[in-house]
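Engineer: Before I ask anything, here is the structure I am working with.
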Amino acid sequence: MKALILVGGFGTRLRPLTLSVPKPLVDFANKPMILHQIEALKAIGVTEVVLAINYQPEVMLNFLKDFEAKLEIKITCSQETEPLGTAGPLALARDKLIDESGDPFFVLNSDVISEYPLKEMIEFHKSHGGEASIMVTKVDEPSKYGVVVTEESTGKVERFVEKPKLFVGNKINAGIYLLNPSVLDRIQLRPTSIEKEIFPKIAAEGKLYAMVLPGFWMDIGQPKDYITGLRLYLDSLRKKASPKLATGTNIIGNVLVDESAKIGEGCLIGPDVAIGPGCVVESGVRLSCCTVMRGVRIKKHACISSSIIGWHSTVGQWARVENMTILGEDVHVCDEIYSNGGVVLPHKEIKSSILKPEIVM
Amino acid sequence: MGGSEERVVAVIMVGGPTKGTRFRPLSLNTPKPLFPLAGQPMVNHPISACKRIPNLAQIYLIGFYEEREFALFVSSISNELRVPVRYLKEDKPHGSAGGLYNFRDQIMEESPSHIFLLNCDVCCSFPLAEMLEAHISYRGMGTILVIEVSPESANQFGELVADPVTNELLHYTEKPETFVSDRINCGVYIFTPDIFTAIQGVSSQRKDRATLRRVSSFEALQPANRSLPSDFVRLDQDILSPLAGKKQFYVYETTDYWEQIKTPGMSLKCSGLYLAQFRRTSPDLLASGDGTKNAAISGNVYIHPSAKVHPTAKIGPNASISANARIGAGVRLVHCIILDDVEIKENAVVIHAIVGWKSSIGRWSRVQASGDHNTKLGVTILGESVTVEDEVVVINSIVLPNKTMNVSVQEEIIL
C-alpha cells in the first residue's frame with residue numbers, strides 16, 4: 001500500500017523551531033513529527049510513503065535516508081514548484097500513488113497527531129464500498145473549523161460547512177484520508193483545496209464516508225497546540241500501559257525521558273514532560289508541561305512550565321521559564337532570569353528577564 | 001626612496017552568522033556585510049574607501065562566515081575595483097586584536113609598512129588617506145579614528161581622551177558607566193607592524209600571571225575557567241586601555257558623519273548617509289527624473305539599472321531600489337530600501353521601510369513606520385518573500401520571511 005503525507009510549506013507557525021529544521025523534523029515526544037506518521041503507516045503494511053513538500057527538500061532527503069534504512073520502508077519526496085493547496089499535491093504524485101494493485105492509498109496531514117487507527121480505517125473503507133473515507137474528530141468549538149455533516153448510521157458524508165455560524169454538527173475533518181485511485185482522476189494539477197473542491201463533489205455523489213476517530217487528535221502546527229498535544233499523546237501512552245513512560249519518586253504523571261538523558265537529585269518532573277536525547281537536568285529542577293529537546297542542559301534549581309526548550313539550549317540556575325516560552329535552537333537563558341512567554345529566535349543569550357510575552361530576535 | 005616601498009594592507013572585520021543577531025530578520029537569509037546600502041553591499045563602502053589609500057597592496061576580509069558565502073563577492077569585487085581582496089575565515093573567536101594576530105603571516109606577506117583595521121558595520125566617510133598622513137607624522141604604533149558625539153550617547157562606545165596639541169591617546173575606556181569623554185572610538189584604526197608584538201605581549205602576559213581585578217562575590221564563586229584563553233585579545237580593553245598615555249597611540253578626529261550599522265533600522269539611516277555622500281562625490285550614480293519620461297525623483301535616490309520603475313511613480317527622498325525590482329504605476333516610495341526582485345503594485349505606498357528580496361506589495365497597500373531608527377519597530381522590515389495583499393496596511397512591524405499579510409497590523413512582530 002502507498003501513502004502521501006502533506007507536509008506543505010515553511011511551518012511559520014512553529015517558528016522559531018522551524019528556523020532551524022523543516023517542520024516535519026521538529027521533534028514531538030522525542031521523535032521527529034513525521035516519524036510518528038511513518039511508523040503508523042509502516043505498522044499496517046504501507047510499503048512506500050511520498051512526502052509532498054515545497055521547502056528545503058535537501059534537508060529532508062538527508063534525514064529520510066536514515067529513516068528508510070532503519071524502518072525498511074521506501075520514502076520519496078514530491079516537490080511542488082508552486083503551492084498546490086491540499087489536493088494538488090496528490091495529482092503531482094499520481095504516478096507514485098497508483099500501481100497495478102488498484103489498492104486505495106492513505107493521505108495524512110503532517111501537522112496532525114493521533115492514535116492512527118489505520119487498520120480500522122481500512123476495514124471501514126472496505127465495508128462501505130465508497131470511493132473515499134475520511135476520519136473526523138469531535139471538537140468543542142466546531143465553528144473554528146470546517147464541519148463535516150454525516151448521516152448518523154452509515155457515516156455517509158452529506159456536506160461540508162466551513163466555519164458555520166449556527167451549530168450544524170461537532171465533527172471536523174481530522175486530516176486522515178483513505179482514497180481509491182479513482183479520486184486522482186478528479187484532481188487537476190493546479191492549486192486545489194481537497195475540502196472545498198474535491199470532497200464536496202464526492203459527497204454529492206454519495207461516495208464519501210466519514211469515520212469518527214477513536215482516541216485523541218491534535219493539530220500540533222503551533223506551539224500552544226503542541227503542548228496540549230503532548231499531554232494527549234502521553235495520556236494515550238498511559239492508557240496503553242506503555243513501558244516508555246518514566247517511573248520513579250521524582251516523576252509525577254506522564255513523563256517521557258530518553259535513555260541517554262540524565263536527571264539529577266531532588267528534581268520533580270511532570271506531569272506531561274518529554275526530555276530528549278543527551279539532555280542534562282541538574283539537581284533541584286522542577287519541570288511540568290514542557291518539552292526539552294535534544295542536547296539541552298537545565299541548570300540547578302530552575303523551574304520550567306508550559307514551555308518548549310529548543311535543541312542545545314541552556315536554562316540557567318534558578319531561572320524560571322513559563323507561560324508558553326519557546327526557546328529556539330542554541331538559546332542560553334542566564335542564571336536567575338525570568339521568562340514569561342518569551343519567544344526567542346536561535347543563537348541568543350537572554351541576559352535580562354522577559355516580564356511579558358514578547359518575541360526576542 | 002622610502003615612499004615607493006611603503007605598501008599598505010587593509011583588514012576589514014566582517015563578523016559572522018551567529019554574532020549580530022540584532023540584524024535579524026534581514027540577516028536570516030543574507031550575511032550582514034553583503035546587505036546593500038545605497039545600492040552596494042555594506043562591505044563595499046569601506047573597500048571603496050581603501051582604494052583611496054596610496055600604495056594599497058591588499059585587502060583582507062576576516063570573519064566567521066563560511067568561505068563559500070564570500071567566494072563570489074570577493075572574486076567579483078577584486079575584478080571590479082582592480083584590488084586583490086581575500087576572505088579569511090576565523091576558526092574560533094580570538095577577540096578584535098587576536099583575530100588580526102591570528103592572520104599575521106598573510107597580512108605581513110608583502111611586508112606592508114602600515115595596516116588599516118576597519119569594522120565592516122561602521123558607516124562613515126573613511127578618511128583613510130588623511131589618517132595615513134597623520135599617522136606617519138605622529139610616529140606612533142597606531143592611530144585611531146575618533147568623533148565627537150553627544151555626552152548622553154557616548155557611553156555606548158569606547159570613550160577616549162586625547163592631548164589636544166599632540167593628539168596622543170591619553171586615556172581609553174570601553175562603555176563606562178560614568179561620563180569620561182565625548183570623543184569616541186569609530187572602529188577604524190591604522191597600525192604599524194609592531195602592533196603584532198604588542199598583541200603577542202598581551203597573550204604571553206596572560207599566560208604567565210593571573211590578572212588582578214575586582215570581582216563580585218558571586219563571580220568569585222565561579223570556577224576558575226571563566227578567565228580568557230591566552231590567545232583571546234581584545235583591542236580596546238587589552239591594548240588601547242593599558243597603552244594609553246605611553247606615546248604609542250594617537251587619534252585622528254573626523255567631523256563627518258559616523259554611525260554603527262547594528263540593526264535594520266540603522267541600515268536604512270546609513271543607506272541615506274551614503275546616498276548623500278554619492279551626491280557629493282559621484283552624483284552620476286544617483287537617479288534623476290521629473291515624471292515625464294522617467295519617474296519623478298526627489299532627493300537622493302539609487303535605482304539599479306535592471307529595475308523597472310513606472311513613470312507615474314514618485315521616488316525619494318532616500319530611496320534605494322535593487323536589481324530586477326518592479327515599481328508599478330502611481331507608487332510612492334520614501335525613505336526605504338527595496339531589495340532584489342521585489343514587485344510593488346499600483347498606487348502602493350512605502351515609507352520608512354525595508355522590503356525584502358522577492359516580496360510583493362499589493363495595490364493600494366501601505367507599508368510604513370515612524371522612522372525612528374533607534375527603536376525596535378521604528379522602521380518596518382519585511383523579510384524575504386513576504387506578500388502584502390491589496391489594500392493591507394502594515395505599520396511599525398517586522399515580518400519574517402515567507403509570510404502573507406492579508407490583514408492590517410500595527411506594532412507587531414510576525415513570526
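A note on labels: chains of the C-alpha cells are A, B, ... as shown, every chain counts residues from 1, and ligands are counted from 1 in their shown order.
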I need the chain B residues near chain A as a PyMOL selection string; criterion: at most 9 Å, counting only C-alpha atoms.
Structural biologist: chain B and resi 18-19+21-25+28+400-403+413+415
Engineer: List the spatial neighbours of Thr76 (chain A) as a ChimeraX atom specification - criterion: any atom at most 7 Å away, only C-alpha atoms, same-chain residues fewer than 5 positions off excluded.
Structural biologist: /A:49-51
Engineer: The selected residues should be written to file as a PDB file, in the first residue's frame (atoms: C-alpha atoms).
Structural biologist:
ATOM      1  CA  VAL A  49       5.451   6.891   1.619  1.00  0.00           C
ATOM      2  CA  VAL A  50       5.534  10.011  -0.548  1.00  0.00           C
ATOM      3  CA  LEU A  51       6.166  13.341   1.169  1.00  0.00           C
TER       4      LEU A  51
END
Engineer: Residues of region 87-321 of chain B classed as alpha helix (DSSP H) by DSSP on the backbone are to be reported as number ranges by chain.
Structural biologist: B: 95-102, 104-107, 128-138, 195-208, 217-220, 241-243, 264-281
Engineer: Could you write out the selected residues, including C-alpha atoms, as an mmCIF file, in the first residue's frame?
Structural biologist:
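Saved file again_25.cif follows:
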data_model
loop_
_atom_site.group_PDB
_atom_site.id
_atom_site.type_symbol
_atom_site.label_atom_id
_atom_site.label_comp_id
_atom_site.auth_asym_id
_atom_site.auth_seq_id
_atom_site.Cartn_x
_atom_site.Cartn_y
_atom_site.Cartn_z
ATOM 1 C CA GLY B 95 38.910 38.847 20.061
ATOM 2 C CA SER B 96 39.224 42.004 17.958
ATOM 3 C CA ALA B 97 43.041 42.113 18.171
ATOM 4 C CA GLY B 98 43.574 38.366 18.388
ATOM 5 C CA GLY B 99 41.887 37.945 15.012
ATOM 6 C CA LEU B 100 44.379 40.316 13.433
ATOM 7 C CA TYR B 101 47.257 38.471 15.140
ATOM 8 C CA ASN B 102 45.907 35.099 14.038
ATOM 9 C CA ARG B 104 49.628 37.998 10.806
ATOM 10 C CA ASP B 105 51.527 35.806 8.357
ATOM 11 C CA GLN B 106 49.139 36.551 5.499
ATOM 12 C CA ILE B 107 48.876 40.221 6.450
ATOM 13 C CA LEU B 128 41.890 56.830 5.236
ATOM 14 C CA ALA B 129 44.461 58.748 3.191
ATOM 15 C CA GLU B 130 44.308 61.620 5.678
ATOM 16 C CA MET B 131 44.607 59.158 8.576
ATOM 17 C CA LEU B 132 47.695 57.619 6.988
ATOM 18 C CA GLU B 133 49.333 61.005 6.609
ATOM 19 C CA ALA B 134 48.537 61.944 10.207
ATOM 20 C CA HIS B 135 49.747 58.587 11.497
ATOM 21 C CA ILE B 136 53.080 58.957 9.710
ATOM 22 C CA SER B 137 53.532 62.380 11.275
ATOM 23 C CA TYR B 138 52.750 61.115 14.790
ATOM 24 C CA ILE B 195 51.113 46.071 16.797
ATOM 25 C CA PHE B 196 51.673 42.348 16.452
ATOM 26 C CA THR B 197 54.390 42.498 19.083
ATOM 27 C CA ALA B 198 52.026 44.330 21.406
ATOM 28 C CA ILE B 199 49.285 41.718 20.884
ATOM 29 C CA GLN B 200 51.723 38.898 21.462
ATOM 30 C CA GLY B 201 52.824 40.649 24.636
ATOM 31 C CA VAL B 202 49.276 40.538 25.982
ATOM 32 C CA SER B 203 48.968 36.826 25.095
ATOM 33 C CA SER B 204 52.125 35.787 26.900
ATOM 34 C CA GLN B 205 51.430 38.048 29.882
ATOM 35 C CA ARG B 206 48.082 36.396 30.331
ATOM 36 C CA LYS B 207 49.688 33.002 30.241
ATOM 37 C CA ASP B 208 52.238 33.999 32.853
ATOM 38 C CA SER B 217 31.231 37.781 45.366
ATOM 39 C CA PHE B 218 29.018 35.760 43.038
ATOM 40 C CA GLU B 219 31.625 35.844 40.305
ATOM 41 C CA ALA B 220 34.279 34.836 42.799
ATOM 42 C CA SER B 241 43.462 50.960 27.539
ATOM 43 C CA PRO B 242 46.766 49.780 29.005
ATOM 44 C CA LEU B 243 48.939 51.519 26.404
ATOM 45 C CA PRO B 264 17.926 47.006 10.111
ATOM 46 C CA GLY B 265 16.581 50.403 11.174
ATOM 47 C CA MET B 266 20.095 51.838 11.235
ATOM 48 C CA SER B 267 20.874 50.327 7.842
ATOM 49 C CA LEU B 268 18.109 52.478 6.387
ATOM 50 C CA LYS B 269 19.591 55.568 8.007
ATOM 51 C CA CYS B 270 23.101 54.687 6.812
ATOM 52 C CA SER B 271 21.882 53.983 3.298
ATOM 53 C CA GLY B 272 20.666 57.592 3.339
ATOM 54 C CA LEU B 273 24.034 58.844 4.580
ATOM 55 C CA TYR B 274 25.842 57.026 1.772
ATOM 56 C CA LEU B 275 23.341 58.314 -0.804
ATOM 57 C CA ALA B 276 24.097 61.833 0.436
ATOM 58 C CA GLN B 277 27.792 61.067 0.086
ATOM 59 C CA PHE B 278 27.247 59.927 -3.520
ATOM 60 C CA ARG B 279 25.502 63.263 -4.147
ATOM 61 C CA ARG B 280 28.737 64.956 -3.158
ATOM 62 C CA THR B 281 31.305 62.647 -4.717
#
Engineer: For a quick check of understanding, using only C-alpha atoms, which of A:Gly155, A:Pro200, A:Pro191, A:Gly215 has the smallest distance to Ser114 (chain A)?
Structural biologist: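 The shortest atom-to-atom distance to Ser114 (chain A) comes from A:Gly215.
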Engineer: Write out as a list of chain:residue names each polymer residue whose atoms come within 8 Å of region 57-60 of chain A, counting only C-alpha atoms; drop sequence neighbours fewer than 6 positions from it.
Structural biologist: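 Counting only the stated atoms, we get A:Val21, A:Pro22, A:Leu25, A:Cys77, A:Gln79.
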Engineer: Quick one: DSSP strand (DSSP E or B) residues in region 4-92 of chain A, as a ChimeraX atom specification?
Structural biologist: /A:4-8,27-28,31-32,48-53,74-79,85
Engineer: Could you write those residues out with C-alpha atoms, as a PDB file, in the first residue's frame?
Structural biologist:
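Everything below was put into again-v3.pdb:
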ATOM      1  CA  LEU A   4       1.100  10.504   0.858  1.00  0.00           C
ATOM      2  CA  ILE A   5       1.933  12.883   3.706  1.00  0.00           C
ATOM      3  CA  LEU A   6       1.071  16.539   3.040  1.00  0.00           C
ATOM      4  CA  VAL A   7       3.997  18.426   4.514  1.00  0.00           C
ATOM      5  CA  GLY A   8       3.415  21.758   2.829  1.00  0.00           C
ATOM      6  CA  ASP A  27      10.680  16.631  17.495  1.00  0.00           C
ATOM      7  CA  PHE A  28       7.451  15.735  19.226  1.00  0.00           C
ATOM      8  CA  LYS A  31      10.745  11.759  17.825  1.00  0.00           C
ATOM      9  CA  PRO A  32      10.623  13.856  14.614  1.00  0.00           C
ATOM     10  CA  GLU A  48       6.002   3.407   0.175  1.00  0.00           C
ATOM     11  CA  VAL A  49       5.451   6.891   1.619  1.00  0.00           C
ATOM     12  CA  VAL A  50       5.534  10.011  -0.548  1.00  0.00           C
ATOM     13  CA  LEU A  51       6.166  13.341   1.169  1.00  0.00           C
ATOM     14  CA  ALA A  52       4.565  16.294  -0.599  1.00  0.00           C
ATOM     15  CA  ILE A  53       6.830  19.230   0.217  1.00  0.00           C
ATOM     16  CA  LYS A  74      10.537   3.425   0.894  1.00  0.00           C
ATOM     17  CA  ILE A  75      10.322   7.203   1.355  1.00  0.00           C
ATOM     18  CA  THR A  76      10.307   9.650  -1.544  1.00  0.00           C
ATOM     19  CA  CYS A  77       9.674  13.363  -1.908  1.00  0.00           C
ATOM     20  CA  SER A  78       7.315  15.029  -4.321  1.00  0.00           C
ATOM     21  CA  GLN A  79       8.305  18.650  -4.571  1.00  0.00           C
ATOM     22  CA  GLY A  85      -3.012  23.552  -1.914  1.00  0.00           C
TER      23      GLY A  85
END
